[in-house]
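Listing of upload.csv, CSV, C-alpha atoms
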chain,number,residue,atom,x,y,z
K,8,MET,CA,-208.0,77.0,32.1
K,9,GLY,CA,-207.3,78.9,28.9
K,10,LYS,CA,-208.8,82.2,27.9
K,11,LYS,CA,-212.0,81.8,25.7
K,12,ASN,CA,-212.1,83.6,22.4
K,13,LYS,CA,-215.2,85.2,20.8
K,14,VAL,CA,-216.7,81.9,19.6
K,15,GLY,CA,-216.3,80.2,23.0
K,16,LYS,CA,-213.3,78.1,22.2
K,17,LYS,CA,-210.2,78.1,24.4
K,18,SER,CA,-207.4,80.2,23.1
K,19,LYS,CA,-204.4,78.0,22.1
K,20,SER,CA,-201.9,80.8,22.4
K,21,GLY,CA,-199.6,80.0,25.2
K,22,LYS,CA,-198.2,83.5,25.1
K,23,LYS,CA,-198.8,85.9,27.9
K,24,LYS,CA,-199.7,89.4,26.9
K,25,ASP,CA,-197.3,92.1,28.1
K,26,HIS,CA,-199.6,94.4,30.1
K,27,ARG,CA,-196.8,96.6,31.3
K,28,ASP,CA,-197.5,100.3,30.9
K,29,TYR,CA,-194.9,101.6,28.5
K,30,THR,CA,-194.1,105.3,28.6
K,31,LEU,CA,-192.4,107.7,26.3
K,32,ALA,CA,-189.1,107.0,28.1
K,33,ASP,CA,-189.2,103.4,26.8
K,34,LEU,CA,-189.3,104.5,23.2
K,35,SER,CA,-185.7,105.3,22.4
K,36,PRO,CA,-184.2,102.2,24.1
K,37,ALA,CA,-186.8,99.9,22.5
K,38,LEU,CA,-186.4,101.4,19.1
K,39,THR,CA,-182.6,101.3,19.3
K,40,GLN,CA,-182.5,97.7,20.5
K,41,ALA,CA,-185.0,96.6,17.8
K,42,ALA,CA,-182.8,98.3,15.1
K,43,ARG,CA,-179.7,96.7,16.5
K,44,SER,CA,-181.4,93.3,16.6
K,45,MET,CA,-182.6,93.7,13.0
K,46,ARG,CA,-179.1,94.7,11.9
K,47,THR,CA,-177.5,91.7,13.7
K,48,VAL,CA,-179.9,89.2,12.1
K,49,MET,CA,-179.2,90.8,8.6
K,50,THR,CA,-175.5,90.7,9.2
K,51,ARG,CA,-175.5,87.1,10.2
K,52,SER,CA,-177.6,86.2,7.2
K,53,LEU,CA,-175.4,88.0,4.7
K,54,THR,CA,-172.0,86.9,6.1
K,55,ALA,CA,-171.9,83.8,3.8
K,56,SER,CA,-172.1,86.1,0.8
K,57,GLY,CA,-169.1,88.1,2.0
K,58,LEU,CA,-171.1,91.3,2.8
K,59,TYR,CA,-170.6,93.3,5.9
K,60,ALA,CA,-173.0,95.5,7.9
K,61,GLY,CA,-174.1,98.5,5.8
K,62,GLN,CA,-172.8,97.2,2.5
K,63,ASP,CA,-176.3,95.8,1.6
K,64,GLY,CA,-177.6,99.4,1.7
K,65,VAL,CA,-174.9,100.5,-0.8
K,66,ILE,CA,-175.7,97.7,-3.2
K,67,LEU,CA,-179.5,98.3,-3.0
K,68,ALA,CA,-179.0,102.0,-3.6
K,69,LEU,CA,-176.8,101.3,-6.6
K,70,ALA,CA,-179.2,98.7,-7.9
K,71,ALA,CA,-181.9,101.3,-7.9
K,72,SER,CA,-179.7,104.0,-9.5
K,73,ASP,CA,-176.3,102.8,-10.6
K,74,GLY,CA,-173.5,105.2,-11.1
K,75,LEU,CA,-173.7,107.5,-8.1
K,76,PRO,CA,-171.1,109.7,-6.5
K,77,ALA,CA,-169.9,108.7,-3.1
K,78,GLY,CA,-171.4,111.9,-1.5
K,79,THR,CA,-174.8,111.1,-2.9
K,80,LEU,CA,-174.6,107.5,-1.6
K,81,ALA,CA,-173.6,108.8,1.8
K,82,GLN,CA,-176.5,111.2,1.8
K,83,LYS,CA,-179.0,108.5,0.7
K,84,LEU,CA,-177.8,106.1,3.4
K,85,GLY,CA,-177.5,108.7,6.2
K,86,VAL,CA,-173.7,108.4,6.8
K,87,LYS,CA,-170.8,110.8,6.6
K,88,ALA,CA,-168.8,111.0,3.4
K,89,PRO,CA,-165.5,109.6,5.0
K,90,THR,CA,-167.5,106.5,6.2
K,91,MET,CA,-168.9,106.0,2.7
K,92,THR,CA,-165.4,106.4,1.1
K,93,ARG,CA,-164.0,103.7,3.4
K,94,THR,CA,-167.0,101.4,2.7
K,95,ILE,CA,-166.7,101.9,-1.1
K,96,GLY,CA,-162.9,101.1,-0.9
K,97,ARG,CA,-163.6,97.9,1.0
K,98,MET,CA,-166.4,96.9,-1.4
K,99,GLU,CA,-164.2,97.6,-4.3
K,100,ALA,CA,-161.5,95.3,-2.9
K,101,GLN,CA,-164.2,92.6,-2.4
K,102,GLY,CA,-165.3,93.0,-6.1
K,103,PHE,CA,-168.9,94.3,-5.4
K,104,VAL,CA,-168.4,97.8,-6.8
K,105,GLU,CA,-166.1,99.8,-9.0
K,106,ARG,CA,-165.3,103.5,-9.3
K,107,ARG,CA,-165.1,105.2,-12.7
K,108,PRO,CA,-164.8,108.7,-13.9
K,109,ASP,CA,-168.0,110.4,-15.0
K,110,ALA,CA,-168.4,110.3,-18.8
K,111,ASP,CA,-169.3,114.0,-18.9
K,112,ASP,CA,-167.0,115.3,-16.2
K,113,ALA,CA,-163.8,113.4,-15.6
K,114,ARG,CA,-163.2,115.2,-12.4
K,115,LEU,CA,-166.3,113.4,-10.9
K,116,THR,CA,-166.0,109.8,-9.8
K,117,LYS,CA,-169.0,107.6,-9.7
K,118,VAL,CA,-169.6,104.2,-8.1
K,119,TYR,CA,-171.1,101.3,-10.1
K,120,LEU,CA,-172.1,97.7,-9.3
K,121,THR,CA,-169.9,95.0,-10.7
K,122,GLU,CA,-171.4,91.7,-11.8
K,123,ALA,CA,-170.8,90.3,-8.3
K,124,GLY,CA,-172.6,93.3,-6.8
K,125,ARG,CA,-175.6,92.8,-9.1
K,126,ASN,CA,-175.7,89.1,-8.3
K,127,SER,CA,-175.9,89.8,-4.6
K,128,VAL,CA,-179.1,91.9,-4.9
K,129,GLY,CA,-181.3,88.8,-4.8
K,130,GLU,CA,-179.6,87.4,-1.8
K,131,ILE,CA,-179.9,90.8,0.1
K,132,GLU,CA,-183.6,91.0,-0.8
K,133,SER,CA,-184.1,87.4,0.4
K,134,SER,CA,-182.2,88.0,3.6
K,135,ALA,CA,-184.2,91.2,4.3
K,136,ALA,CA,-187.5,89.4,3.6
K,137,SER,CA,-186.5,86.6,6.1
K,138,CYS,CA,-185.5,89.1,8.7
K,139,ASP,CA,-188.8,91.0,8.2
K,140,GLU,CA,-190.8,87.8,8.6
K,141,LEU,CA,-188.9,86.9,11.8
K,142,ALA,CA,-189.3,90.4,13.3
K,143,THR,CA,-193.0,90.5,12.6
K,144,ARG,CA,-193.9,87.0,13.7
K,145,GLY,CA,-197.3,87.1,15.2
K,146,PHE,CA,-198.2,90.4,13.7
K,147,SER,CA,-201.3,90.9,11.6
K,148,GLU,CA,-201.1,92.7,8.2
K,149,LYS,CA,-202.8,95.6,9.9
K,150,ASP,CA,-200.2,95.6,12.7
K,151,ILE,CA,-197.4,95.7,10.1
K,152,ARG,CA,-199.0,98.6,8.1
K,153,SER,CA,-199.4,100.5,11.4
K,154,LEU,CA,-195.9,99.8,12.5
K,155,VAL,CA,-194.4,100.9,9.2
K,156,ARG,CA,-196.6,104.0,9.2
K,157,LEU,CA,-195.5,104.9,12.8
K,158,LEU,CA,-191.8,104.3,12.1
K,159,LYS,CA,-192.0,106.5,9.0
K,160,THR,CA,-193.7,109.2,11.0
K,161,ILE,CA,-191.0,109.0,13.6
K,162,GLU,CA,-188.3,109.3,10.9
K,163,HIS,CA,-190.1,112.3,9.4
K,164,ASN,CA,-190.5,114.0,12.8
K,165,LEU,CA,-186.8,113.4,13.6
K,166,GLN,CA,-185.6,114.7,10.3
K,167,ALA,CA,-187.9,117.8,10.5
K,168,GLY,CA,-186.7,118.3,14.1
K,169,ASP,CA,-183.1,118.1,12.9
K,170,ASP,CA,-183.9,120.8,10.3
K,171,ASP,CA,-185.5,123.0,12.9
K,172,GLU,CA,-182.4,122.8,15.1
K,173,ASP,CA,-180.2,123.8,12.2
K,174,ASP,CA,-182.4,126.8,11.6
K,175,ASP,CA,-182.1,127.9,15.3
K,176,GLU,CA,-178.3,128.0,15.1
K,177,PHE,CA,-178.2,130.9,12.6

Encoded form (structure tokens):
Amino acid sequence: MGKKNKVGKKSKSGKKKDHRDYTLADLSPALTQAARSMRTVMTRSLTASGLYAGQDGVILALAASDGLPAGTLAQKLGVKAPTMTRTIGRMEAQGFVERRPDADDARLTKVYLTEAGRNSVGEIESSAASCDELATRGFSEKDIRSLVRLLKTIEHNLQAGDDDEDDDEF
């Protein structure tokens, strides 16, 4: 017999609730696996457009502020400069971005979206929205707000902790 809800009707949800007691030790593996799964779904979704993992972040960063140096892009996306340089080279070969000297300082090279790069923004946003919907299936709006708030707090704590560790080294 099904579980009764507040108004006395049987619950139609066939899902069993996970009543396992999670501990702090479960956090890192769960968060890491969830991030990997999100990345995998996004990568599969974007493959048809010719984009590879991580390139969507470059395009979205440039869509928000076109004409950034590679170092700034690397910092915004949390990757090392050599990784960003390789990514930009690949994306340039694919026709999504182009490098140009800065108008004020020719020693500085900036990265700009091409027409193909600009055209891919809508597809990236659509893929992200589909991935988000899949990931939060069965979540209430309140659950989603809480999850995002908690994840942002985790990110803030980790970044602040990283800064504290740097201070301890001196």

Residues of region 51-95 of chain K within 10 Å of region 23-47 of chain K: nearest atom pair and distance (Å, one decimal) for each, counting only C-alpha atoms, sorted by chain and number, as a tab-separated table?
residue	atom	partner	partner_atom	distance
K:Arg51	CA	K:Thr47	CA	6.1
K:Ser52	CA	K:Thr47	CA	8.5
K:Leu53	CA	K:Thr47	CA	10.0
K:Ala60	CA	K:Arg46	CA	7.3
K:Gly61	CA	K:Arg46	CA	8.8

- Query: Counting only C-alpha atoms, which residues come within 8 Å of (-168.4, 111.5, 0.1), with the point read in the file's coordinates, and could you list them as a PyMOL selection string?
  - Reply: chain K and resi 76-81+87-92

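Minimum distance to Thr116 (chain K) across K:Ile95, K:Leu154, K:Ile66, K:Ile161 (counting only C-alpha atoms) occurs at K:Ile95.
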
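Here CA of Ala110 (chain K) and CA of Ser72 (chain K) stand 15.9 Å from one another.
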
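For the pair CA of Val155 (chain K) and CA of Ser137 (chain K), the separation is 16.6 Å.
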
- Within 12 Å of Ala55 (chain K), counting only C-alpha atoms, which residues show up once you throw out same-chain ones fewer than 3 positions away? Write them as a list in words, please.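 In the requested form, the answer reads Met49, Thr50, Arg51, Ser52, Leu58, Tyr59, Ser127, Glu130, Ile131 and Ser134 of chain K.
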
All residues 9 Å or closer to region 96-100 of chain K, all atoms listed in the file, same chain fewer than 3 positions away omitted, as an mmCIF file with C-alpha atoms, keeping the file's coordinate frame:
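The new file around_20.cif reads:
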data_model
loop_
_atom_site.group_PDB
_atom_site.id
_atom_site.type_symbol
_atom_site.label_atom_id
_atom_site.label_comp_id
_atom_site.auth_asym_id
_atom_site.auth_seq_id
_atom_site.Cartn_x
_atom_site.Cartn_y
_atom_site.Cartn_z
ATOM 1 C CA LEU K 58 -171.100 91.300 2.800
ATOM 2 C CA GLN K 62 -172.800 97.200 2.500
ATOM 3 C CA MET K 91 -168.900 106.000 2.700
ATOM 4 C CA THR K 92 -165.400 106.400 1.100
ATOM 5 C CA ARG K 93 -164.000 103.700 3.400
ATOM 6 C CA PHE K 103 -168.900 94.300 -5.400
ATOM 7 C CA VAL K 104 -168.400 97.800 -6.800
ATOM 8 C CA GLU K 105 -166.100 99.800 -9.000
ATOM 9 C CA ARG K 106 -165.300 103.500 -9.300
ATOM 10 C CA THR K 121 -169.900 95.000 -10.700
ATOM 11 C CA GLY K 124 -172.600 93.300 -6.800
#

- Which residue, K:Leu120, K:Leu75, K:Ala70, K:Val128, has the smallest gap to Pro108 (chain K) when you use only C-alpha atoms?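 Closest to Pro108 (chain K), using only C-alpha atoms: K:Leu75.
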